[in-house]
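This is coords_11.txt. It holds compact mmCIF, C-alpha atoms.
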```txt
# COMPACT_ATOMS: atom_id res chain seq x y z
CA GLN A 10 -162.25 258.81 214.58
CA VAL A 11 -158.46 258.64 214.64
CA ASP A 12 -156.34 258.94 211.48
CA GLY A 13 -152.56 258.89 211.15
CA LYS A 14 -150.05 259.96 208.50
CA ALA A 15 -146.47 258.64 208.60
CA ILE A 16 -143.67 261.00 207.57
CA ILE A 17 -139.95 260.25 207.13
CA LEU A 18 -137.80 262.99 208.72
CA SER A 19 -134.28 261.68 208.11
CA THR A 20 -132.33 258.63 206.93
CA GLU A 21 -128.71 257.68 207.49
CA LEU A 22 -126.58 254.95 205.94
CA THR A 23 -123.47 253.69 207.69
CA ASP A 24 -121.49 250.54 206.99
CA GLY A 25 -123.81 247.68 207.92
CA LYS A 26 -126.76 249.77 209.08
CA LEU A 27 -129.76 251.82 207.92
CA SER A 28 -131.24 254.29 210.42
CA VAL A 29 -134.61 255.99 209.89
CA ASP A 30 -136.33 258.68 211.98
CA GLY A 31 -139.89 259.83 211.40
CA LYS A 32 -143.16 260.83 212.98
CA VAL A 33 -146.84 259.97 212.77
CA ASN A 34 -149.19 262.96 212.61
CA LEU A 35 -152.46 262.13 214.34
CA ASN A 36 -155.85 263.70 213.71
CA ILE A 37 -158.49 262.85 216.34
CA LEU A 38 -162.16 263.78 215.93
CA TYR A 39 -164.48 263.29 218.92
CA SER A 40 -167.84 264.30 220.28
CA PRO A 41 -167.58 265.98 223.72
CA ASP A 42 -169.50 264.48 226.63
CA CYS A 43 -172.05 267.29 226.95
CA GLU A 44 -175.37 268.23 225.40
CA ASP A 45 -175.54 270.15 222.11
CA SER A 46 -171.76 269.93 221.75
CA LYS A 47 -169.99 270.24 218.42
CA ILE A 48 -167.38 267.84 217.11
CA GLN A 49 -163.90 268.72 218.37
CA CYS A 50 -160.44 268.07 216.93
CA ILE A 51 -157.09 267.17 218.48
CA GLU A 52 -153.88 267.12 216.43
CA ASN A 53 -150.77 265.50 217.82
CA SER A 54 -147.71 263.56 216.67
CA ALA A 55 -145.61 260.61 217.80
CA ASP A 56 -141.98 260.00 216.85
CA PHE A 57 -140.59 256.66 215.66
CA SER A 58 -137.15 255.25 214.83
CA LEU A 59 -135.96 252.19 212.93
CA SER A 60 -132.51 250.61 212.83
CA LEU A 61 -131.83 247.84 210.28
CA ASP A 62 -128.60 245.81 210.36
CA ASN A 63 -127.34 244.39 207.06
CA ASN A 64 -123.72 243.62 206.27
CA GLU A 65 -124.23 244.47 202.59
CA ILE A 66 -125.11 248.11 203.35
CA LEU A 67 -122.30 250.62 202.77
CA SER A 68 -122.19 254.28 203.72
CA ASP A 69 -121.78 255.48 200.11
CA MET A 70 -124.99 253.79 198.93
CA GLN A 71 -128.29 255.61 198.55
CA ALA A 72 -131.59 254.74 200.24
CA ASN A 73 -135.15 255.52 199.16
CA ILE A 74 -137.57 255.21 202.09
CA PHE A 75 -141.38 255.29 202.18
CA ALA A 76 -143.59 255.00 205.27
CA ASP A 77 -147.28 254.30 205.73
CA VAL A 78 -149.55 253.75 208.71
CA GLU A 79 -150.52 250.09 208.34
CA LYS A 80 -152.69 249.78 211.43
CA LEU A 81 -154.08 252.21 213.98
CA ASP A 82 -155.93 251.26 217.18
CA PHE A 83 -157.29 253.51 219.90
CA GLN A 84 -158.88 253.00 223.29
CA ILE A 85 -160.82 255.51 225.39
CA LEU A 86 -159.35 255.26 228.91
CA ASN A 87 -161.61 257.91 230.46
CA SER A 88 -163.41 261.11 229.48
CA ARG A 89 -160.07 262.98 229.32
CA LYS A 90 -157.65 260.37 228.02
CA LEU A 91 -157.22 258.35 224.83
CA ARG A 92 -154.60 255.70 224.11
CA VAL A 93 -153.44 255.39 220.48
CA LYS A 94 -151.27 252.61 219.04
CA THR A 95 -149.95 252.72 215.48
CA THR A 96 -148.10 250.22 213.29
CA VAL A 97 -145.88 251.90 210.70
CA ALA A 98 -144.86 249.98 207.55
CA ILE A 99 -141.49 250.97 206.09
CA THR A 100 -140.68 250.27 202.43
CA TYR A 101 -137.07 250.84 201.41
CA GLU A 102 -134.70 250.26 198.53
CA ILE A 103 -130.93 250.67 198.80
CA CYS A 104 -129.01 251.28 195.58
CA GLU A 105 -125.34 251.05 194.72
CA GLN A 106 -123.60 252.38 191.64
CA ALA A 107 -121.16 249.77 190.33
CA SER A 108 -118.99 249.23 187.25
CA LEU A 109 -119.41 245.95 185.38
CA ASP A 110 -117.05 244.31 182.85
CA LEU A 111 -118.76 242.72 179.85
CA THR A 112 -117.21 240.39 177.26
CA SER A 113 -117.52 242.02 173.84
CA GLY A 114 -115.74 239.44 171.66
CA VAL A 115 -113.31 236.51 171.33
CA GLU A 116 -110.00 236.94 169.50
CA ASP A 117 -109.60 233.23 168.61
CA GLU A 118 -110.90 233.02 165.00
CA ASN A 119 -111.49 229.26 165.34
CA ALA A 120 -113.84 229.69 168.30
CA GLN A 121 -117.57 229.43 167.81
CA VAL A 122 -119.19 232.62 169.09
CA CYS A 123 -122.82 233.28 169.97
CA ILE A 124 -123.50 237.02 170.13
CA SER A 125 -126.50 238.41 172.03
CA PRO A 126 -127.42 242.09 171.71
CA LEU A 127 -127.71 244.02 174.96
CA GLU A 128 -129.56 247.24 175.72
CA LEU A 129 -127.37 249.10 178.19
CA ILE A 130 -128.83 251.70 180.55
CA SER A 131 -126.57 253.79 182.74
CA LEU A 132 -127.84 255.42 185.94
CA VAL A 133 -127.76 259.21 185.82
CA ASP A 134 -128.97 259.97 189.34
CA ILE A 135 -131.14 258.88 192.25
CA LYS A 136 -132.37 261.94 194.07
CA GLU A 137 -134.93 263.04 196.64
CA SER A 138 -136.13 266.62 196.32
CA ASN A 139 -138.58 268.58 198.46
CA PHE A 140 -140.85 271.32 197.18
CA SER A 141 -143.67 273.35 198.75
CA ILE A 142 -147.13 274.19 197.44
CA ARG A 143 -148.79 277.23 198.99
CA GLU A 144 -152.23 278.32 197.89
CA ASP A 145 -155.30 280.23 199.09
CA PHE A 146 -158.70 278.67 198.32
CA GLU A 147 -162.13 280.28 198.50
CA LEU A 148 -165.07 278.26 199.78
CA PRO A 149 -167.42 277.38 196.90
CA PRO A 150 -170.59 279.47 196.52
CA GLY A 151 -173.34 278.42 198.93
CA HIS A 152 -170.91 277.26 201.63
CA THR A 153 -171.34 278.92 205.04
CA ALA A 154 -168.22 280.42 206.61
CA ILE A 155 -165.85 278.28 208.70
CA GLU A 156 -166.01 278.31 212.48
CA THR A 157 -163.68 275.38 213.23
CA LEU A 158 -161.43 273.56 210.77
CA LEU A 159 -161.41 269.89 211.82
CA LYS A 160 -159.41 267.94 209.26
CA THR A 161 -157.73 268.25 205.86
CA ASP A 162 -156.88 265.26 203.65
CA ALA A 163 -154.53 265.64 200.68
CA LYS A 164 -153.40 263.45 197.80
CA ILE A 165 -151.29 263.92 194.67
CA CYS A 166 -152.69 262.52 191.43
CA ASP A 167 -152.56 262.81 187.62
CA THR A 168 -148.78 263.21 187.66
CA GLU A 169 -146.61 263.32 184.54
CA HIS A 170 -143.01 264.23 183.78
CA LYS A 171 -140.86 265.29 180.86
CA MET A 172 -137.10 265.12 180.42
CA VAL A 173 -135.25 267.99 178.74
CA THR A 174 -131.53 268.63 178.55
CA GLY A 175 -130.29 269.06 182.11
CA ARG A 176 -133.75 269.19 183.65
CA LEU A 177 -136.73 267.17 184.82
CA VAL A 178 -140.15 268.84 184.61
CA VAL A 179 -142.97 267.31 186.71
CA ARG A 180 -146.65 268.23 186.74
CA GLY A 181 -149.56 267.02 188.83
CA ASN A 182 -152.64 267.90 190.83
CA LEU A 183 -152.91 268.36 194.58
CA ASN A 184 -156.42 267.45 195.75
CA LEU A 185 -157.65 268.65 199.15
CA THR A 186 -160.76 267.76 201.14
CA CYS A 187 -161.50 269.93 204.19
CA LEU A 188 -163.90 268.92 206.96
CA TYR A 189 -165.13 271.81 209.12
CA ILE A 190 -167.85 273.15 211.41
CA ASP A 191 -169.58 276.16 209.87
CA THR A 192 -170.93 279.22 211.68
CA ALA A 193 -174.37 277.57 211.85
CA GLY A 194 -172.87 274.66 213.80
CA ASP A 195 -173.23 272.13 210.97
CA LEU A 196 -170.61 269.66 209.76
CA LYS A 197 -169.53 270.54 206.21
CA SER A 198 -166.85 269.57 203.70
CA ALA A 199 -165.30 271.28 200.68
CA ASP A 200 -163.02 270.01 197.90
CA PHE A 201 -160.19 271.96 196.28
CA GLU A 202 -157.63 271.30 193.56
CA LYS A 203 -154.30 272.88 192.70
CA THR A 204 -152.21 272.11 189.61
CA PHE A 205 -148.46 272.32 190.18
CA THR A 206 -145.34 272.33 188.02
CA GLU A 207 -141.83 271.81 189.39
CA ILE A 208 -138.45 271.82 187.62
CA PHE A 209 -135.41 269.92 188.93
CA ASP A 210 -131.83 270.13 187.65
CA LEU A 211 -130.24 266.89 186.39
CA GLU A 212 -126.87 267.67 184.80
CA ASP A 213 -126.41 264.48 182.75
CA ALA A 214 -130.01 264.12 181.58
CA ASP A 215 -131.22 264.69 178.02
CA ASP A 216 -134.42 264.20 176.00
CA ASP A 217 -133.84 260.43 175.73
CA THR A 218 -133.29 259.86 179.45
CA LEU A 219 -135.77 257.50 181.13
CA CYS A 220 -137.19 258.58 184.47
CA GLU A 221 -139.32 257.11 187.25
CA THR A 222 -140.89 259.45 189.83
CA LYS A 223 -142.65 258.80 193.13
CA PHE A 224 -144.50 261.41 195.19
CA SER A 225 -145.32 261.53 198.88
CA ILE A 226 -146.74 264.30 201.07
CA LYS A 227 -144.25 264.94 203.88
CA ASP A 228 -146.24 267.56 205.78
CA LEU A 229 -149.52 269.45 205.53
CA SER A 230 -150.66 272.66 207.22
CA CYS A 231 -154.05 274.25 206.65
CA HIS A 232 -155.82 277.11 208.45
CA ALA A 233 -158.81 279.38 207.90
CA GLU A 234 -158.47 283.07 207.00
CA ALA A 235 -160.94 285.92 206.58
CA ASP A 236 -161.91 287.05 203.09
CA SER A 237 -162.50 290.67 201.99
CA ASP A 238 -165.91 290.62 203.76
CA GLY A 239 -164.43 289.37 207.01
CA ASP A 240 -165.89 285.84 206.71
CA MET A 241 -163.63 282.88 207.47
```
Let's see the structure in the file written out as structure tokens.
Amino acid sequence: QVDGKAIILSTELTDGKLSVDGKVNLNILYSPDCEDSKIQCIENSADFSLSLDNNEILSDMQANIFADVEKLDFQILNSRKLRVKTTVAITYEICEQASLDLTSGVEDENAQVCISPLELISLVDIKESNFSIREDFELPPGHTAIETLLKTDAKICDTEHKMVTGRLVVRGNLNLTCLYIDTAGDLKSADFEKTFTEIFDLEDADDDTLCETKFSIKDLSCHAEADSDGDM
């Protein structure tokens, strides 16, 4: 089984061009070619780059980029070599702050005027912020200790946010599923959950400010540690 996770490392806007650099983290699970062998894991990564030409792009604009592995194929070449091919889908939006002139009235008193009310919304900020979640989890009761950690999947869910003067407060849950070989040689899994709260500064925001948030996991690192009894 081969899984891949696409991560954006950097973006750059110049006049007429968008440049994106990223990587695909690969998790490969396989059964070795020998009797009574346990499932093994290989973790690797592959870099990718994208350059998009568009005359309407200017260097002072702002880009929001999201990446996802759309397709992943693999081929076993021999007992020691595996070929992996991934297709990465890039979703992007490029925003520009601009001033607009609106007609608010006509001075000619003989002119017929049709007035339409407008709800005006001004853009406070478009921002990308990174934050880290670090946590220790204990295996649930009845789970045998870990011998080899094979794979960890993570997702962010149940998110909500609240605007206060000068700040954005976001809350959500980080859900983890770990696949591992236990000390008895059996394949096991365990689920964990962590609730997080993060606060970001937004100078011009107040309680009436509207906000849209999007979350993506940029990187994930998980390893086994011994508890107070020495069990992993």
Excluding Leu177 of chain A and residues on its chain fewer than 5 positions from it, collect all residues at most 12 Å away from it, counting only C-alpha atoms, and give them as a tab-separated table (two decimals) with C-alpha atoms, in the coordinates of the input.
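Saved as result-v4.tsv:
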```tsv
chain	number	residue	atom	x	y	z
A	134	ASP	CA	-128.97	259.97	189.34
A	136	LYS	CA	-132.37	261.94	194.07
A	138	SER	CA	-136.13	266.62	196.32
A	169	GLU	CA	-146.61	263.32	184.54
A	170	HIS	CA	-143.01	264.23	183.78
A	171	LYS	CA	-140.86	265.29	180.86
A	172	MET	CA	-137.10	265.12	180.42
A	206	THR	CA	-145.34	272.33	188.02
A	207	GLU	CA	-141.83	271.81	189.39
A	208	ILE	CA	-138.45	271.82	187.62
A	209	PHE	CA	-135.41	269.92	188.93
A	210	ASP	CA	-131.83	270.13	187.65
A	211	LEU	CA	-130.24	266.89	186.39
A	212	GLU	CA	-126.87	267.67	184.80
A	213	ASP	CA	-126.41	264.48	182.75
A	214	ALA	CA	-130.01	264.12	181.58
A	215	ASP	CA	-131.22	264.69	178.02
A	216	ASP	CA	-134.42	264.20	176.00
A	217	ASP	CA	-133.84	260.43	175.73
A	218	THR	CA	-133.29	259.86	179.45
A	219	LEU	CA	-135.77	257.50	181.13
A	220	CYS	CA	-137.19	258.58	184.47
A	221	GLU	CA	-139.32	257.11	187.25
A	222	THR	CA	-140.89	259.45	189.83
```
### Message
Using all atoms listed in the file - which residues lie no farther than 6 Å from the point (-147.6, 260.1, 192.5) in the file's frame? Write them as JSON, numbers by chain.
### Response
{"A": [165, 166, 168, 223, 224]}
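When atom CA of Glu202 of chain A is paired with atom CA of Ile51 of chain A, their separation reads 25.3 Å.
Reported to one decimal place, the separation of atom CA of Lys26 of chain A from atom CA of Asn63 of chain A is 5.8 Å.
Proximity ranking of A:Glu144, A:Asp12, A:Asp167, A:Asp45 relative to His232 of chain A places A:Glu144 first, based on only C-alpha atoms.
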### Summary
Among A:Val133, A:Leu35, A:Cys231, A:Cys187, Pro149 of chain A is approached most closely, using all atoms listed in the file, by A:Cys187
### Task
Go ahead and compute the interatomic distance for atom CA of Phe201 of chain A and atom CA of Asp238 of chain A, in Å to one decimal.
20.9 Å
Test item: residues at most 9 Å from segment 141-143 of chain A, all atoms listed in the file, excluding those fewer than 5 positions along its chain, as a PDB file with C-alpha atoms, keeping the file's coordinate frame:
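Saved as around_37.pdb:
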```pdb
ATOM      1  CA  LEU A 183    -152.910 268.360 194.580  1.00  0.00           C
ATOM      2  CA  LYS A 203    -154.300 272.880 192.700  1.00  0.00           C
ATOM      3  CA  PHE A 205    -148.460 272.320 190.180  1.00  0.00           C
TER       4      PHE A 205
END
```
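Across A:Gln71, A:Ser125, A:Ser113, A:Ser54, the tightest approach to Glu137 of chain A is made by A:Gln71 when counting all atoms listed in the file.
Checking A:Leu27, A:Leu196, A:Phe140, A:Ser68 one by one against Val179 of chain A, counting all atoms listed in the file, you find the shortest gap at A:Phe140.
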### Task
Excluding Ala163 of chain A and residues on its chain fewer than 3 positions from it, collect all residues at most 8 Å away from it, counting only C-alpha atoms, and give them as a PyMOL selection string.
chain A and resi 183-186+226+229
Return as JSON the centre and edge lengths, in Å with one decimal, of the box along x, y and z that encloses every atom of segment 234-241 of chain A in the file, padded by 8 Å per side.
```
{"center_x": -162.2, "center_y": 286.8, "center_z": 204.7, "size_x": 23.4, "size_y": 23.8, "size_z": 21.5}
```
### Long-range neighbours of Val97 of chain A as a PyMOL selection string, 9 Å cut-off, all atoms listed in the file, 3 positions minimum in chain
chain A and resi 15+33+57+76-81
Write the residues of the preceding selection, restricted to C-alpha atoms, as an mmCIF file, keeping the file's coordinate frame.
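Produced file again19.cif, reproduced below:
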```cif
data_model
loop_
_atom_site.group_PDB
_atom_site.id
_atom_site.type_symbol
_atom_site.label_atom_id
_atom_site.label_comp_id
_atom_site.auth_asym_id
_atom_site.auth_seq_id
_atom_site.Cartn_x
_atom_site.Cartn_y
_atom_site.Cartn_z
ATOM 1 C CA ALA A 15 -146.470 258.640 208.600
ATOM 2 C CA VAL A 33 -146.840 259.970 212.770
ATOM 3 C CA PHE A 57 -140.590 256.660 215.660
ATOM 4 C CA ALA A 76 -143.590 255.000 205.270
ATOM 5 C CA ASP A 77 -147.280 254.300 205.730
ATOM 6 C CA VAL A 78 -149.550 253.750 208.710
ATOM 7 C CA GLU A 79 -150.520 250.090 208.340
ATOM 8 C CA LYS A 80 -152.690 249.780 211.430
ATOM 9 C CA LEU A 81 -154.080 252.210 213.980
#
```
### Task
Excluding Lys32 of chain A and any residue of its chain fewer than 6 positions from it, enumerate the residues within 9 Å of it, using all atoms listed in the file, and give them as a PyMOL selection string.
chain A and resi 14-18+54-58
### Task
Anything within 8 Å of (-170.9, 272.9, 220.0): list those residues as an MDAnalysis selection string, counting only C-alpha atoms and sticking to the file's coordinates.
chainID A and resid 45:48 194
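Between Asp24 of chain A and the residues A:Glu44, A:Glu102, A:Asp236, A:Asp69, the shortest atom-to-atom distance, using only C-alpha atoms, involves A:Asp69.
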